[in-house]
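S.K.: Quick one: the structure is below, questions incoming.
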Amino acid sequence: MNYVANTVRLSALMGFCSLSAIAHAEPDALAKAFGARETVISASLSPDGQKIALVAAGGGRTTKAYVLDAQEGAEPKVVAGASGKPEYLYRCNWVSNDRLACNLGGEKRTGDDVYGFSNIFAVDAAGGNIVPLSRLRTNLYGGDIIDLLPGENGLVLMTRADSGGLGIDRVDTRTGKSKLIEQSEPMAMDYISDGHGIVRVIGFQENKGSGYAKGTFRYLYRPLGKTGWSNLSIYDMRDERGFSPAAIDPDKNIVYGYERVDGRLAVVSVALDAGQEKKLVFAHPRVDVSNLVTVGRDRRVVGVRYVEEQSEVVYFDDEIKALSTALSKALGGKAVHIGDMSQNEQRILIWAGSDIDPGQYYLFDRAAKKLSPVMPDRPELAGRALAEMQSVSYKASDGTVIPAYLTLPPGRANAKGLPAIVMPHGGPESRDEWGFDWIVQYYAARGFAVLQPQFRGSYGFGEKWLMQNGYRSWSTAIGDVADAGRWLVAEGIADPARLTIAGWSYGGYAALQVQAVDPKLFKAVVAIAPVTNFSDRLRRAQFNSGYLLEQQRMGTGQEAQDASPSNHAAEFLAPVLMFHGTEDNNVDITQARIMQSKLEGAGKRSRLVVYDGLAHSLNDSDARADMLQQSADFLLLAGK
């Protein structure tokens, strides 16, 4: 691991002479335990239910694919691996009882830009006979498997990109030979299969004459038994208007998808025939639908998920509902996710966890009524007391009630006057959810109270809450973040002299931008991969098809200038610590470097830690441990 720490103008104020030494300290056992990536990245069950495939994190950045017999105590065998420099394995699915298709991806810097790439290959369950399935001739996108073709013994449907656009091939994973199913179509960006080998929906991106994306997508459907296409819907991503298809039910001849109903995202179905009858499947009165719930190798739709205080699933399938309820009860009320199933659905992989349980995969045998553990997500944390995550709310300055999650140090439920961190989420079109969070849990273990506000501009609470988004409506969003800190102090939870803020991506942006709202409130700032300068971000987007959409999302002119933290460097009172990876293709590292330069030029206290070769997620156990150690040490100096 190559760490580059750039320390500039460290003052003696607030103990900053000692920070120079702390910056290079080795992570301790606590930071290493919480910084270790979750062991199991993906899990898949063979069609006959006799074998399990796992993609798991190894040391540092490495990932490995394992195969093991589906029985308790089975020894896993490595069948593939990736170094993380820059390739990562992130999924392996069974395409037959003895064959896997695995997804590989990563990011790589070329000159001033970072490019993402993906690839798919097949490998035997016993290892060996590796066959590339992607056709990387004209771009870096390796396609996606859209249908596992149950019963076809190793054949799949997958998207293939070429100079003509995006098409569909039927690919033999044993030989790599393919047969054209759907001709490549210019501007095609999505295909949806029925789970049995028939492509029923195609989606096209619509562009302006300039070549820039309009922000609208045109969907067509294929009537049952026909070869031609008919119009289905127009979806506008700019305001989420129209119907966005997601999954096919071939028996009912419908497509499920998402559409706004009374200002909130709902699930609706549309008949794939000339009548195109539309039905409301599920809408929640207070929050958006999160996603459809699917099970089995044919990805059968069985329910819909939403998040209010905690994640909830409304099941359409009574049998799956009963199974989920019984499994959750057997596991002490933990949240249960039903994952892969055998072909006959008698053996099922499930995942269960909670706020104080990082999670565990299990194999459930329905006939034997036996639940067997497979592999824990974070064995490094076994036996360690974790902190409960509770739902709270507070009033913003205009009286609006803001939902949030509060985590207090383990065993200190009624503690007062704590060091505290306000931690806004990324996105901003996102939200936090109840459950285990490795960063929050680490900070709680270090003695912090952590508050995660679901500020206005967050996704999931309807279009009125989303507003324009947390960038265009930054003054409201950042005001809500600042009010989160004021609430911690007013409740006596936080020591005002030790109130700090930390965030990742948009959360890092918010942590910095709050200095433009109330520079005295937070006593130290940690920003991980933050957006800091809108002009540079838009400059980088100008040669991408989504440039005009990014302009609309971020704003332009004086509005964008005011929204950029780098333009408020002179107002900063709190010391700043930033972390960023050099291969970040989500938020380029120039964003942190511009911020560092501005703060340095204004004579402020700031330091930037650069992780060579890492992308936006800092997907490296050693880097994460280092980031945790440095950030907590830094924040604990606030007020001293």
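Residue numbering restarts at 1 in every chain; chains get A, B, ... in the order shown in the structure tokens, and ligands count up from 1 in that same order.
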Where does DSSP see helix (DSSP H, G or I) in segment 112-333 of chain A, if you list the residues as a PyMOL selection string?
M.R.: chain A and resi 318-330
S.K.: Next, the residues of the selection above should be written as a short mmCIF file (atom, residue, chain, number, x, y, z; two decimals), in the first residue's frame with all heavy atoms.
M.R.:
data_model
loop_
_atom_site.label_atom_id
_atom_site.label_comp_id
_atom_site.auth_asym_id
_atom_site.auth_seq_id
_atom_site.Cartn_x
_atom_site.Cartn_y
_atom_site.Cartn_z
N ASP A 318 -47.40 -15.68 -0.81
CA ASP A 318 -47.68 -16.09 0.57
C ASP A 318 -46.67 -17.10 1.09
O ASP A 318 -46.31 -17.08 2.27
CB ASP A 318 -49.09 -16.67 0.66
CG ASP A 318 -50.17 -15.62 0.47
OD1 ASP A 318 -49.88 -14.42 0.68
OD2 ASP A 318 -51.30 -15.99 0.09
N GLU A 319 -46.20 -18.00 0.21
CA GLU A 319 -45.25 -19.01 0.64
C GLU A 319 -43.91 -18.39 1.02
O GLU A 319 -43.31 -18.74 2.05
CB GLU A 319 -45.06 -20.05 -0.46
CG GLU A 319 -44.20 -21.22 -0.06
CD GLU A 319 -44.07 -22.27 -1.17
OE1 GLU A 319 -44.75 -22.12 -2.20
OE2 GLU A 319 -43.29 -23.22 -0.98
N ILE A 320 -43.44 -17.45 0.22
CA ILE A 320 -42.18 -16.77 0.53
C ILE A 320 -42.33 -15.90 1.76
O ILE A 320 -41.42 -15.81 2.60
CB ILE A 320 -41.71 -15.93 -0.68
CG1 ILE A 320 -41.42 -16.83 -1.89
CG2 ILE A 320 -40.48 -15.12 -0.33
CD1 ILE A 320 -40.29 -17.81 -1.66
N LYS A 321 -43.48 -15.27 1.93
CA LYS A 321 -43.74 -14.46 3.12
C LYS A 321 -43.66 -15.32 4.38
O LYS A 321 -43.01 -14.94 5.37
CB LYS A 321 -45.11 -13.81 3.02
CG LYS A 321 -45.48 -12.98 4.25
CD LYS A 321 -46.87 -12.38 4.09
CE LYS A 321 -47.24 -11.57 5.34
NZ LYS A 321 -48.60 -10.96 5.20
N ALA A 322 -44.31 -16.48 4.35
CA ALA A 322 -44.29 -17.37 5.51
C ALA A 322 -42.87 -17.85 5.80
O ALA A 322 -42.45 -17.95 6.95
CB ALA A 322 -45.23 -18.54 5.27
N LEU A 323 -42.13 -18.15 4.75
CA LEU A 323 -40.75 -18.61 4.90
C LEU A 323 -39.89 -17.52 5.53
O LEU A 323 -39.13 -17.78 6.47
CB LEU A 323 -40.18 -19.01 3.54
CG LEU A 323 -38.71 -19.40 3.48
CD1 LEU A 323 -38.47 -20.66 4.29
CD2 LEU A 323 -38.27 -19.59 2.04
N SER A 324 -40.01 -16.28 5.05
CA SER A 324 -39.22 -15.18 5.58
C SER A 324 -39.54 -14.93 7.05
O SER A 324 -38.65 -14.72 7.87
CB SER A 324 -39.48 -13.91 4.76
OG SER A 324 -38.80 -12.81 5.30
N THR A 325 -40.82 -14.96 7.38
CA THR A 325 -41.24 -14.72 8.76
C THR A 325 -40.70 -15.80 9.69
O THR A 325 -40.19 -15.50 10.78
CB THR A 325 -42.78 -14.68 8.85
OG1 THR A 325 -43.27 -13.64 8.01
CG2 THR A 325 -43.24 -14.45 10.27
N ALA A 326 -40.77 -17.06 9.25
CA ALA A 326 -40.29 -18.17 10.08
C ALA A 326 -38.78 -18.11 10.27
O ALA A 326 -38.28 -18.35 11.38
CB ALA A 326 -40.69 -19.50 9.43
N LEU A 327 -38.05 -17.77 9.21
CA LEU A 327 -36.59 -17.69 9.31
C LEU A 327 -36.17 -16.54 10.22
O LEU A 327 -35.25 -16.68 11.03
CB LEU A 327 -35.99 -17.52 7.92
CG LEU A 327 -36.03 -18.75 7.01
CD1 LEU A 327 -35.63 -18.39 5.60
CD2 LEU A 327 -35.13 -19.86 7.55
N SER A 328 -36.84 -15.40 10.12
CA SER A 328 -36.50 -14.27 10.98
C SER A 328 -36.76 -14.62 12.44
O SER A 328 -35.94 -14.30 13.32
CB SER A 328 -37.33 -13.04 10.58
OG SER A 328 -37.04 -11.95 11.42
N LYS A 329 -37.86 -15.30 12.70
CA LYS A 329 -38.17 -15.71 14.08
C LYS A 329 -37.13 -16.69 14.60
O LYS A 329 -36.66 -16.57 15.74
CB LYS A 329 -39.56 -16.35 14.12
CG LYS A 329 -40.01 -16.73 15.52
CD LYS A 329 -41.42 -17.30 15.50
CE LYS A 329 -41.87 -17.69 16.91
NZ LYS A 329 -43.26 -18.25 16.90
N ALA A 330 -36.71 -17.64 13.74
CA ALA A 330 -35.72 -18.63 14.15
C ALA A 330 -34.37 -17.99 14.43
O ALA A 330 -33.57 -18.51 15.22
CB ALA A 330 -35.57 -19.70 13.06
#
S.K.: So that I can check the surroundings of segment 586-593 of chain A, please list as a ChimeraX atom specification every protein, DNA and RNA residue that reaches within 7 Å of it, counting only C-alpha atoms and ignoring chain neighbours fewer than 6 positions away.
M.R.: /A:529-533,580,616
S.K.: Pick out the closest residue to Asn153 of chain A from this set: A:Ala36, A:Ala82, A:Ile338, A:Leu100. Count only C-alpha atoms.
M.R.: A:Leu100
S.K.: Excluding Gln310 of chain A and any residue of its chain fewer than 3 positions from it, enumerate the residues within 10 Å of it, using only C-alpha atoms, and give them as a ChimeraX atom specification.
M.R.: /A:306-307,335,390-391,432-435
S.K.: Taking only C-alpha atoms into account, name the residue in A:Gly154, A:Gly507, A:Gly479, A:Gly242 that is nearest to Ile528 of chain A.
M.R.: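 Nearest candidate to Ile528 of chain A out of A:Gly154, A:Gly507, A:Gly479, A:Gly242: A:Gly507.
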S.K.: Do a neighbour search on Asn585 of chain A at 8 Å with only C-alpha atoms, toss out local chain neighbours closer than 4 positions, and write the hits as an NGL selection string.
M.R.: :A and (107 or 113-116 or 615-616)
S.K.: If we count only C-alpha atoms and set the cut-off at 12 Å, which residues sit around Gly228 of chain A, ignoring sequence neighbours fewer than 4 positions away in its own chain? Please answer as a PyMOL selection string.
M.R.: chain A and resi 182+199-202+220-224
S.K.: Let's have the selection written as a PDB file, in the first residue's frame, with C-alpha atoms.
M.R.:
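Result went into again.pdb, see below:
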ATOM      1  CA  GLU A 182     -30.973  -9.303 -30.625  1.00  0.00           C
ATOM      2  CA  VAL A 199     -36.354 -10.661 -24.409  1.00  0.00           C
ATOM      3  CA  ARG A 200     -39.574  -8.709 -23.885  1.00  0.00           C
ATOM      4  CA  VAL A 201     -38.440  -5.100 -23.229  1.00  0.00           C
ATOM      5  CA  ILE A 202     -35.762  -2.859 -24.737  1.00  0.00           C
ATOM      6  CA  LEU A 220     -40.506  -0.732 -26.258  1.00  0.00           C
ATOM      7  CA  TYR A 221     -42.081  -4.115 -25.563  1.00  0.00           C
ATOM      8  CA  ARG A 222     -42.430  -7.281 -27.605  1.00  0.00           C
ATOM      9  CA  PRO A 223     -45.980  -8.708 -27.673  1.00  0.00           C
ATOM     10  CA  LEU A 224     -46.258 -12.371 -26.735  1.00  0.00           C
TER      11      LEU A 224
END
S.K.: Point out the residue among A:Phe436, A:Trp94, A:Phe316, A:Trp504 with the least atom-to-atom distance to Met423 of chain A, counting only C-alpha atoms.
M.R.: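 Closest to Met423 of chain A of all the choices is A:Trp504.
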S.K.: Which neighbours of segment 339-341 of chain A fall inside 9 Å, counting only C-alpha atoms, when residues of the same chain fewer than 5 positions from it are skipped, and could you give them as a list of chain:residue names?
M.R.: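 The residues satisfying every condition are A:Ala43, A:Ser44, A:Leu45, A:Ser46, A:Pro47, A:Gly49, A:Thr294, A:Val295, A:Gly296, A:Arg297, A:Gln346, A:Arg347, A:Ile348, A:Leu349, A:Ile350, A:Trp351.
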S.K.: Record the distance separating atom CA of Val287 of chain A and atom CA of Glu240 of chain A, expressed in Å with one decimal.
M.R.: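 If I compute the distance from atom CA of Val287 of chain A to atom CA of Glu240 of chain A, I get 15.0 Å.
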S.K.: Between A:Leu512, A:Ala444, A:Ile234, A:Val67, which one has atoms that come closest to Pro419 of chain A, using only C-alpha atoms?
M.R.: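 For Pro419 of chain A, the nearest of the given residues is A:Ala444.
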S.K.: Got a sec: who's within 10 Å of Trp487 of chain A, counting only C-alpha atoms, leaving out chain neighbours fewer than 3 positions off, as a list in words?
M.R.: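 Returned residues: Ser393, Tyr394, Lys395, Ala396, Leu451, Ala482, Asp483, Ala484, Ala490, Glu491, Gly492, Ile493 and Ala494 of chain A.
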S.K.: Based on the backbone DSSP call, show me all residues of segment 444-604 of chain A assigned strand (DSSP E or B), as a VMD selection string.
M.R.: chain A and resid 449 to 453 456 458 494 to 504 525 to 528 576 to 581
S.K.: Please, what distance in Å, to one decimal, runs between atom CA of Leu363 of chain A and atom CA of Ala70 of chain A?
M.R.: 7.4 Å
S.K.: Please report, as a Markdown table, each residue of segment 409-478 of chain A lying at most 12 Å from segment 515-518 of chain A, together with the nearest pair of atoms and the separation in Å rounded to one decimal; use only C-alpha atoms, and order rows by chain and ascending residue number.
M.R.:
| residue | atom | partner | partner_atom | distance |
| --- | --- | --- | --- | --- |
| A:Trp474 | CA | A:Val517 | CA | 10.3 |
| A:Ser475 | CA | A:Val517 | CA | 8.0 |
| A:Thr476 | CA | A:Val517 | CA | 10.3 |
| A:Ala477 | CA | A:Val517 | CA | 10.9 |
| A:Ile478 | CA | A:Val517 | CA | 7.5 |
S.K.: Residues as selected, all heavy atoms, written as an mmCIF file, in the first residue's frame, can you do that?
M.R.:
data_model
loop_
_atom_site.group_PDB
_atom_site.id
_atom_site.type_symbol
_atom_site.label_atom_id
_atom_site.label_comp_id
_atom_site.auth_asym_id
_atom_site.auth_seq_id
_atom_site.Cartn_x
_atom_site.Cartn_y
_atom_site.Cartn_z
ATOM 1 N N TRP A 474 -28.823 23.240 -1.859
ATOM 2 C CA TRP A 474 -27.810 22.992 -0.841
ATOM 3 C C TRP A 474 -28.050 23.783 0.445
ATOM 4 O O TRP A 474 -27.754 23.294 1.544
ATOM 5 C CB TRP A 474 -26.413 23.287 -1.382
ATOM 6 C CG TRP A 474 -26.078 24.737 -1.568
ATOM 7 C CD1 TRP A 474 -26.233 25.466 -2.703
ATOM 8 C CD2 TRP A 474 -25.536 25.625 -0.590
ATOM 9 N NE1 TRP A 474 -25.828 26.769 -2.505
ATOM 10 C CE2 TRP A 474 -25.384 26.891 -1.206
ATOM 11 C CE3 TRP A 474 -25.153 25.492 0.744
ATOM 12 C CZ2 TRP A 474 -24.874 27.993 -0.536
ATOM 13 C CZ3 TRP A 474 -24.647 26.595 1.420
ATOM 14 C CH2 TRP A 474 -24.512 27.830 0.781
ATOM 15 N N SER A 475 -28.559 24.999 0.327
ATOM 16 C CA SER A 475 -28.714 25.798 1.540
ATOM 17 C C SER A 475 -29.700 25.147 2.501
ATOM 18 O O SER A 475 -29.501 25.187 3.728
ATOM 19 C CB SER A 475 -29.164 27.222 1.196
ATOM 20 O OG SER A 475 -30.398 27.213 0.490
ATOM 21 N N THR A 476 -30.754 24.516 1.974
ATOM 22 C CA THR A 476 -31.701 23.793 2.833
ATOM 23 C C THR A 476 -31.077 22.521 3.364
ATOM 24 O O THR A 476 -31.153 22.217 4.566
ATOM 25 C CB THR A 476 -32.984 23.460 2.058
ATOM 26 O OG1 THR A 476 -33.599 24.669 1.623
ATOM 27 C CG2 THR A 476 -33.961 22.688 2.934
ATOM 28 N N ALA A 477 -30.448 21.721 2.462
ATOM 29 C CA ALA A 477 -29.847 20.448 2.870
ATOM 30 C C ALA A 477 -28.750 20.664 3.909
ATOM 31 O O ALA A 477 -28.718 19.979 4.942
ATOM 32 C CB ALA A 477 -29.286 19.735 1.642
ATOM 33 N N ILE A 478 -27.869 21.603 3.660
ATOM 34 C CA ILE A 478 -26.753 21.847 4.578
ATOM 35 C C ILE A 478 -27.262 22.482 5.872
ATOM 36 O O ILE A 478 -26.725 22.234 6.959
ATOM 37 C CB ILE A 478 -25.680 22.722 3.920
ATOM 38 C CG1 ILE A 478 -25.165 22.067 2.625
ATOM 39 C CG2 ILE A 478 -24.524 22.968 4.877
ATOM 40 C CD1 ILE A 478 -24.644 20.648 2.818
#
S.K.: What does the distance from atom CA of Ser458 of chain A to atom CA of Phe572 of chain A come to in Å, to one decimal?
M.R.: 25.2 Å
